[in-house]
Each structure stands twice: as structure tokens, then as C-alpha cells.
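Source file query_19.txt; content: compact mmCIF, C-alpha atoms.
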# COMPACT_ATOMS: atom_id res chain seq x y z
CA MET A 1 87.26 -4.89 66.86
CA ARG A 2 83.98 -6.71 67.30
CA PHE A 3 83.67 -10.18 65.91
CA PRO A 4 80.39 -11.66 64.70
CA LYS A 5 78.52 -13.80 67.19
CA THR A 6 77.06 -17.16 66.36
CA THR A 7 73.55 -17.68 67.66
CA SER A 8 72.13 -21.01 68.82
CA LEU A 9 70.70 -21.47 65.32
CA GLY A 10 74.15 -21.10 63.76
CA ILE A 11 73.44 -17.60 62.35
CA ARG A 12 76.39 -15.25 62.49
CA THR A 13 75.37 -11.76 63.57
CA PRO A 14 77.58 -8.76 64.21
CA SER A 15 77.79 -7.84 67.85
CA LEU A 16 76.24 -4.54 68.73
CA PRO A 17 77.97 -2.04 70.98
CA ARG A 18 76.58 -2.14 74.47
CA LEU A 19 75.16 0.97 75.98
CA ASN A 20 77.22 1.83 78.99
CA LEU A 21 75.13 2.54 82.11
CA VAL A 22 77.48 5.38 82.98
CA SER A 23 76.88 7.09 79.66
CA ILE A 24 73.10 6.74 79.99
CA SER A 25 73.20 8.16 83.49
CA SER A 26 75.44 11.02 82.39
CA VAL A 27 73.01 11.91 79.59
CA ALA A 28 70.09 11.70 82.06
CA GLY A 29 72.02 13.79 84.59
CA THR A 30 72.82 16.43 81.99
CA ALA A 31 69.21 16.52 80.76
CA CYS A 32 67.93 16.88 84.33
CA ALA A 33 70.46 19.63 85.08
CA VAL A 34 69.52 21.59 81.95
CA ALA A 35 65.80 21.23 82.71
CA PHE A 36 66.39 22.28 86.33
CA TRP A 37 68.27 25.44 85.36
CA VAL A 38 65.78 26.43 82.64
CA LEU A 39 62.88 26.03 85.07
CA ALA A 40 64.71 27.73 87.95
CA ILE A 41 65.69 30.71 85.81
CA GLY A 42 62.11 30.91 84.51
CA ALA A 43 60.80 30.89 88.08
CA VAL A 44 63.20 33.69 89.05
CA LEU A 45 62.24 35.78 86.01
CA ILE A 46 58.53 35.77 86.85
CA PRO A 47 58.76 38.11 89.87
CA SER A 48 61.10 40.31 87.82
CA ALA A 49 58.50 40.48 85.04
CA VAL A 50 55.78 41.48 87.51
CA VAL A 51 57.98 44.25 88.90
CA ALA A 52 58.74 45.42 85.35
CA LEU A 53 55.01 45.49 84.55
CA LYS A 54 54.36 47.55 87.68
CA VAL A 55 57.15 50.00 86.83
CA PHE A 56 56.41 50.38 83.12
CA GLY A 57 52.64 50.53 83.22
CA THR A 58 49.43 48.62 83.53
CA PRO A 59 49.21 45.43 81.46
CA VAL A 60 46.46 45.45 78.86
CA VAL A 61 44.62 43.02 76.62
CA THR A 62 43.73 44.12 73.12
CA ALA A 63 40.59 42.66 71.55
CA GLY A 64 40.10 43.14 67.82
CA THR A 65 42.31 44.79 65.21
CA GLY A 66 42.76 48.18 63.61
CA ASP A 67 40.46 51.06 64.50
CA GLU A 68 37.92 48.72 66.07
CA ALA A 69 40.43 47.37 68.63
CA ILE A 70 39.38 47.56 72.24
CA VAL A 71 42.09 47.94 74.86
CA ILE A 72 41.17 46.50 78.25
CA PRO A 73 43.44 47.08 81.25
CA LEU A 74 44.06 43.93 83.29
CA PRO A 75 43.37 44.11 87.01
CA TRP A 76 46.50 43.62 89.10
CA ALA A 77 44.82 40.79 90.97
CA TYR A 78 44.72 38.77 87.71
CA VAL A 79 48.32 39.57 86.92
CA LEU A 80 49.45 38.55 90.39
CA LEU A 81 47.36 35.36 90.32
CA VAL A 82 48.87 34.30 86.99
CA ALA A 83 52.37 35.20 88.19
CA ILE A 84 51.98 33.23 91.41
CA ALA A 85 50.58 30.22 89.54
CA ALA A 86 53.39 30.32 86.95
CA PHE A 87 56.04 30.72 89.65
CA ALA A 88 54.63 27.80 91.66
CA TYR A 89 54.46 25.58 88.55
CA LEU A 90 58.02 26.37 87.44
CA ALA A 91 59.51 26.17 90.93
CA THR A 92 57.85 22.84 91.72
CA SER A 93 58.91 21.43 88.36
CA ALA A 94 62.47 22.61 89.04
CA LEU A 95 62.32 20.86 92.43
CA ILE A 96 61.33 17.60 90.71
CA PHE A 97 64.34 17.83 88.40
CA ARG A 98 66.63 18.73 91.32
CA LEU A 99 65.52 15.56 93.10
CA LEU A 100 66.06 13.55 89.91
CA ILE A 101 69.62 14.91 89.74
CA GLY A 102 70.21 13.41 93.21
CA ILE A 103 68.84 10.04 92.10
CA VAL A 104 71.00 10.03 88.96
CA ALA A 105 74.06 10.94 91.06
CA THR A 106 73.57 7.81 93.18
CA LEU A 107 73.15 5.79 89.98
CA ARG A 108 76.46 7.14 88.66
CA VAL A 109 78.33 5.91 91.72
CA GLY A 110 76.66 2.52 91.48
CA ASP A 111 74.36 2.91 94.49
CA PRO A 112 70.82 3.37 93.11
CA PHE A 113 69.22 1.81 96.22
CA HIS A 114 70.54 4.55 98.47
CA PRO A 115 68.08 5.27 101.32
CA GLN A 116 67.93 8.95 100.26
CA ASN A 117 66.38 7.90 96.94
CA VAL A 118 63.30 6.59 98.75
CA ARG A 119 62.76 10.03 100.27
CA ARG A 120 63.50 11.71 96.94
CA LEU A 121 60.95 9.55 95.12
CA HIS A 122 58.29 10.28 97.74
CA GLN A 123 59.03 14.00 97.37
CA ILE A 124 58.80 13.72 93.57
CA GLY A 125 55.42 12.01 93.92
CA ALA A 126 54.17 14.72 96.28
CA ALA A 127 55.47 17.51 94.04
CA PHE A 128 53.93 15.91 90.95
CA ALA A 129 50.59 15.55 92.75
CA THR A 130 50.79 19.19 93.86
CA VAL A 131 51.53 20.43 90.34
CA THR A 132 48.74 18.29 88.89
CA LEU A 133 46.15 19.47 91.42
CA GLY A 134 47.32 23.07 91.06
CA VAL A 135 46.97 23.02 87.28
CA TRP A 136 43.57 21.33 87.54
CA ALA A 137 42.35 23.88 90.11
CA GLY A 138 43.68 26.76 88.00
CA GLN A 139 41.92 25.47 84.90
CA PHE A 140 38.72 24.99 86.90
CA LEU A 141 38.86 28.56 88.26
CA VAL A 142 39.55 30.09 84.85
CA ALA A 143 36.71 28.10 83.29
CA ARG A 144 34.39 29.08 86.14
CA PHE A 145 35.13 32.79 86.30
CA VAL A 146 36.07 33.60 82.71
CA ARG A 147 33.18 32.11 80.82
CA GLY A 148 34.05 30.84 77.36
CA ALA A 149 37.82 30.99 77.91
CA MET A 150 38.14 27.23 78.22
CA ALA A 151 36.14 24.16 79.05
CA ALA A 152 36.03 23.19 82.70
CA PRO A 153 38.28 20.22 83.49
CA SER A 154 36.63 17.06 84.70
CA LEU A 155 37.71 14.65 87.38
CA PHE A 156 38.69 12.26 84.59
CA ASP A 157 41.56 14.65 83.80
CA LEU A 158 43.11 13.57 87.09
CA ILE A 159 43.12 9.82 86.38
CA THR A 160 46.38 9.53 84.43
CA PRO A 161 48.37 11.86 86.73
CA SER A 162 46.99 9.94 89.73
CA PHE A 163 48.29 6.69 88.25
CA ALA A 164 51.66 8.36 87.72
CA VAL A 165 51.80 9.39 91.39
CA VAL A 166 50.88 5.85 92.48
CA ILE A 167 53.59 4.41 90.21
CA ILE A 168 56.18 6.79 91.69
CA VAL A 169 55.19 5.79 95.24
CA VAL A 170 55.37 2.08 94.32
CA ILE A 171 58.82 2.58 92.81
CA ALA A 172 59.86 4.37 96.02
CA GLU A 173 58.77 1.34 98.02
CA VAL A 174 60.72 -0.95 95.67
CA PHE A 175 63.77 1.22 96.32
CA ARG A 176 63.09 1.02 100.08
CA GLU A 177 63.09 -2.79 99.86
CA GLY A 178 66.25 -2.72 97.72
CA ALA A 179 67.98 -0.53 100.32
CA ARG A 180 66.86 -2.89 103.10
CA LEU A 181 68.15 -5.95 101.24
CA ARG A 182 71.44 -4.19 100.56
CA ARG A 183 71.84 -3.34 104.27
CA GLU A 184 71.10 -6.94 105.23
CA SER A 185 73.64 -8.28 102.74
CA GLU A 186 76.27 -5.87 104.06
CA LEU A 187 75.62 -7.08 107.62
CA THR A 188 75.79 -10.73 106.57
CA ILE A 189 79.44 -10.47 105.57
Could you rewrite the structure in this file as C-alpha cells?
Amino acid sequence: MRFPKTTSLGIRTPSLPRLNLVSISSVAGTACAVAFWVLAIGAVLIPSAVVALKVFGTPVVTAGTGDEAIVIPLPWAYVLLVAIAAFAYLATSALIFRLLIGIVATLRVGDPFHPQNVRRLHQIGAAFATVTLGVWAGQFLVARFVRGAMAAPSLFDLITPSFAVVIIVVIAEVFREGARLRRESELTI
């Protein structure tokens, strides 16, 4: 049973339950695992879908409705380009969540400043930068070659993701320093 606390002003307030770090890390670990498997399964299904399209016929795009509809067969080069881009996006995103699972695992055992986490964070930053540049390049190519499909992205679209990559790298360096300090304290004893 929780008893009310008395603050420095003499106000009695009920004590709130504390969030347990283990429960937060278990929720984060479960969320990362679910995201990883959804993305990994999606990445595996993409080549299967391309094979199914090849076996069952040429993919088409229908423009218009009713009797005035125009059916345009899609070139296989477009289908393969979209499939490769989708596979790369899903696979890289799955990799990010796989690395996050490793970080959460070290948090669960009470060792967040494990030296492996520095490497994992650098890999997450590189993967995030790769996904961001890939999406930007894909949008640029679609806007360039399929006129009117979408507006061309600008370099300003890369500002926020670039800050995110810098933040991830800075956090990795904080973890590197934490791991160094931990090693030094272990050697001091």
C-alpha cells in the first residue's frame, strides 16, 4: 500500500507508482522485435511478389474507368526498380530494428554502455542515412522521369534526417565515453 507523501510545502500527495526500467525496456524490446519481424517478412515477400507477377502475367496500370479505361502494361524494368527499392527500404529498416534489439538487450541486463552499443549506434546512423538518401534519390528520379507524378524533392528535405543522423552519432560518442569511464572504474578497484 502506498502512503501519501508530504512535500516541502506540507501538502500531502499520493505517491505515484514508479515505472520500472525493466518494464520499459521489455516493452521497447517487444516493439522492436515486432517491427523487425514485420519489416523482415515484408522484405522477403517482395521477391516472391515479383516472381508471382512474372508467372501470372505482365503487371498493368489502368487509367480511367468503364469503357474509356486505358490499360497500360508496365515495363519489367519499372517493376524490378520498384521491387529493389522496396526491398532495400524494408531490409535496411529491419536492420535498424535488429540493432535496436541488441541495444535494448544490454539495457535489460543493466549494461547500456556496452562497447558493442557504440558500434550498433554508428551502424544505425549509417543505415538511417542510407535509407534517407535512397528515398530522396528515388523521389528525385520519379519526379524527373515521370513528369507530373510528384514534385521533385529539394535539398531542404534532407535537413531534418541529417540532424537525426548527427544526433545518433553524438549519442554513439556519449556511449563510447560511458564505456571508457566504466572500464576505468572497473580497473580502479
Residue neighbourhood stretch 111-114 of chain A, 9 Å, all atoms listed in the file, exclusion window fewer than 2 positions, as an MDAnalysis selection string: chainID A and resid 103:109 116:118 174:180 182
For A:Tyr78, the nearest of the candidates A:Gly64, A:Val169, A:Ala94, A:Val50, counting all atoms listed in the file: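 Under the stated criterion, the closest residue is A:Val50.
The neighbours of A:Ala49 here are the residues that come within 12 Å of it, using only C-alpha atoms and leaving out any residue fewer than 6 positions away in the same chain; they are Gly42, Ala43, Val55, Phe56, Gly57, Pro59, Val79, Leu80, Val82, Ala83, Ile84, Ala86 and Phe87 of chain A.
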Using all atoms listed in the file: which of A:Pro75, A:Val60, A:Thr188, A:Trp136 has the shortest distance to A:Phe156: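 Among the listed residues, A:Trp136 lies closest to A:Phe156.
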Straight-line distance linking atom CA of A:Gly102 with atom CA of A:Glu173, stated in Å to one decimal: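 Distance reported for this atom pair: 17.3 Å.
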Atomic distance atom CA of A:Tyr89 - atom CA of A:Ala137, expressed in Å with one decimal: 12.3 Å
Contacts of A:Leu141 within 12 Å, all atoms listed in the file, excl. fewer than 3 positions in-chain, as a ChimeraX atom specification: /A:78,81-82,85,134-138,144-147,149-153
For atom CA of A:Leu133 and atom CA of A:Ile41, the interatomic separation in Å (one decimal): 23.2 Å
Shortest interatomic distance to A:Phe36 - which of A:Arg183, A:Arg98, A:His122, A:Lys54, counting all atoms listed in the file: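 Residue with the minimum atom-to-atom distance to A:Phe36: A:Arg98.
Nearest to A:Leu155 of all the residues A:Thr132, A:Thr92, A:Ala33, A:Ile167 is A:Thr132, counting all atoms listed in the file.
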Where atoms are missing, can you supply N, CA, C and O atoms for stretch 153-174 of chain A and output the lot as an mmCIF file, in the frame of the given file?
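And here's part.cif as it stands now:
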data_model
loop_
_atom_site.group_PDB
_atom_site.id
_atom_site.type_symbol
_atom_site.label_atom_id
_atom_site.label_comp_id
_atom_site.auth_asym_id
_atom_site.auth_seq_id
_atom_site.Cartn_x
_atom_site.Cartn_y
_atom_site.Cartn_z
ATOM 1 N N PRO A 153 37.707 21.567 83.433
ATOM 2 C CA PRO A 153 38.280 20.220 83.490
ATOM 3 C C PRO A 153 37.371 19.290 84.288
ATOM 4 O O PRO A 153 36.654 19.726 85.174
ATOM 5 N N SER A 154 37.432 18.031 83.956
ATOM 6 C CA SER A 154 36.630 17.060 84.700
ATOM 7 C C SER A 154 37.539 16.268 85.631
ATOM 8 O O SER A 154 38.762 16.356 85.557
ATOM 9 N N LEU A 155 36.919 15.499 86.494
ATOM 10 C CA LEU A 155 37.710 14.650 87.380
ATOM 11 C C LEU A 155 38.466 13.581 86.608
ATOM 12 O O LEU A 155 39.485 13.079 87.076
ATOM 13 N N PHE A 156 37.997 13.243 85.408
ATOM 14 C CA PHE A 156 38.690 12.260 84.590
ATOM 15 C C PHE A 156 40.071 12.758 84.141
ATOM 16 O O PHE A 156 40.942 11.967 83.808
ATOM 17 N N ASP A 157 40.256 14.088 84.145
ATOM 18 C CA ASP A 157 41.560 14.650 83.800
ATOM 19 C C ASP A 157 42.617 14.340 84.854
ATOM 20 O O ASP A 157 43.804 14.527 84.618
ATOM 21 N N LEU A 158 42.180 13.889 86.014
ATOM 22 C CA LEU A 158 43.110 13.570 87.090
ATOM 23 C C LEU A 158 43.492 12.088 87.144
ATOM 24 O O LEU A 158 44.354 11.696 87.936
ATOM 25 N N ILE A 159 42.878 11.265 86.297
ATOM 26 C CA ILE A 159 43.120 9.820 86.380
ATOM 27 C C ILE A 159 44.556 9.459 86.019
ATOM 28 O O ILE A 159 45.253 8.798 86.791
ATOM 29 N N THR A 160 45.023 9.885 84.855
ATOM 30 C CA THR A 160 46.380 9.530 84.430
ATOM 31 C C THR A 160 47.441 10.084 85.378
ATOM 32 O O THR A 160 48.343 9.346 85.791
ATOM 33 N N PRO A 161 47.378 11.375 85.765
ATOM 34 C CA PRO A 161 48.370 11.860 86.730
ATOM 35 C C PRO A 161 48.304 11.116 88.072
ATOM 36 O O PRO A 161 49.334 10.903 88.711
ATOM 37 N N SER A 162 47.108 10.696 88.471
ATOM 38 C CA SER A 162 46.990 9.940 89.730
ATOM 39 C C SER A 162 47.705 8.598 89.614
ATOM 40 O O SER A 162 48.382 8.168 90.559
ATOM 41 N N PHE A 163 47.559 7.940 88.464
ATOM 42 C CA PHE A 163 48.290 6.690 88.250
ATOM 43 C C PHE A 163 49.798 6.933 88.290
ATOM 44 O O PHE A 163 50.550 6.119 88.830
ATOM 45 N N ALA A 164 50.236 8.049 87.713
ATOM 46 C CA ALA A 164 51.660 8.360 87.720
ATOM 47 C C ALA A 164 52.178 8.534 89.150
ATOM 48 O O ALA A 164 53.260 8.044 89.498
ATOM 49 N N VAL A 165 51.399 9.208 89.988
ATOM 50 C CA VAL A 165 51.800 9.390 91.390
ATOM 51 C C VAL A 165 51.861 8.042 92.098
ATOM 52 O O VAL A 165 52.811 7.760 92.842
ATOM 53 N N VAL A 166 50.876 7.187 91.863
ATOM 54 C CA VAL A 166 50.880 5.850 92.480
ATOM 55 C C VAL A 166 52.092 5.055 92.019
ATOM 56 O O VAL A 166 52.759 4.388 92.827
ATOM 57 N N ILE A 167 52.421 5.125 90.737
ATOM 58 C CA ILE A 167 53.590 4.410 90.210
ATOM 59 C C ILE A 167 54.865 4.914 90.877
ATOM 60 O O ILE A 167 55.737 4.125 91.257
ATOM 61 N N ILE A 168 54.987 6.232 91.041
ATOM 62 C CA ILE A 168 56.180 6.790 91.690
ATOM 63 C C ILE A 168 56.293 6.302 93.123
ATOM 64 O O ILE A 168 57.382 5.939 93.588
ATOM 65 N N VAL A 169 55.169 6.260 93.845
ATOM 66 C CA VAL A 169 55.190 5.790 95.240
ATOM 67 C C VAL A 169 55.551 4.303 95.291
ATOM 68 O O VAL A 169 56.324 3.872 96.156
ATOM 69 N N VAL A 170 55.026 3.505 94.352
ATOM 70 C CA VAL A 170 55.370 2.080 94.320
ATOM 71 C C VAL A 170 56.854 1.896 94.030
ATOM 72 O O VAL A 170 57.529 1.075 94.672
ATOM 73 N N ILE A 171 57.388 2.668 93.096
ATOM 74 C CA ILE A 171 58.820 2.580 92.810
ATOM 75 C C ILE A 171 59.636 2.984 94.039
ATOM 76 O O ILE A 171 60.673 2.379 94.332
ATOM 77 N N ALA A 172 59.161 3.976 94.781
ATOM 78 C CA ALA A 172 59.860 4.370 96.020
ATOM 79 C C ALA A 172 59.893 3.212 97.006
ATOM 80 O O ALA A 172 60.915 2.975 97.661
ATOM 81 N N GLU A 173 58.795 2.483 97.097
ATOM 82 C CA GLU A 173 58.770 1.340 98.020
ATOM 83 C C GLU A 173 59.671 0.207 97.533
ATOM 84 O O GLU A 173 60.280 -0.496 98.335
ATOM 85 N N VAL A 174 59.775 0.030 96.216
ATOM 86 C CA VAL A 174 60.720 -0.950 95.670
ATOM 87 C C VAL A 174 62.145 -0.543 96.045
ATOM 88 O O VAL A 174 62.963 -1.388 96.446
#
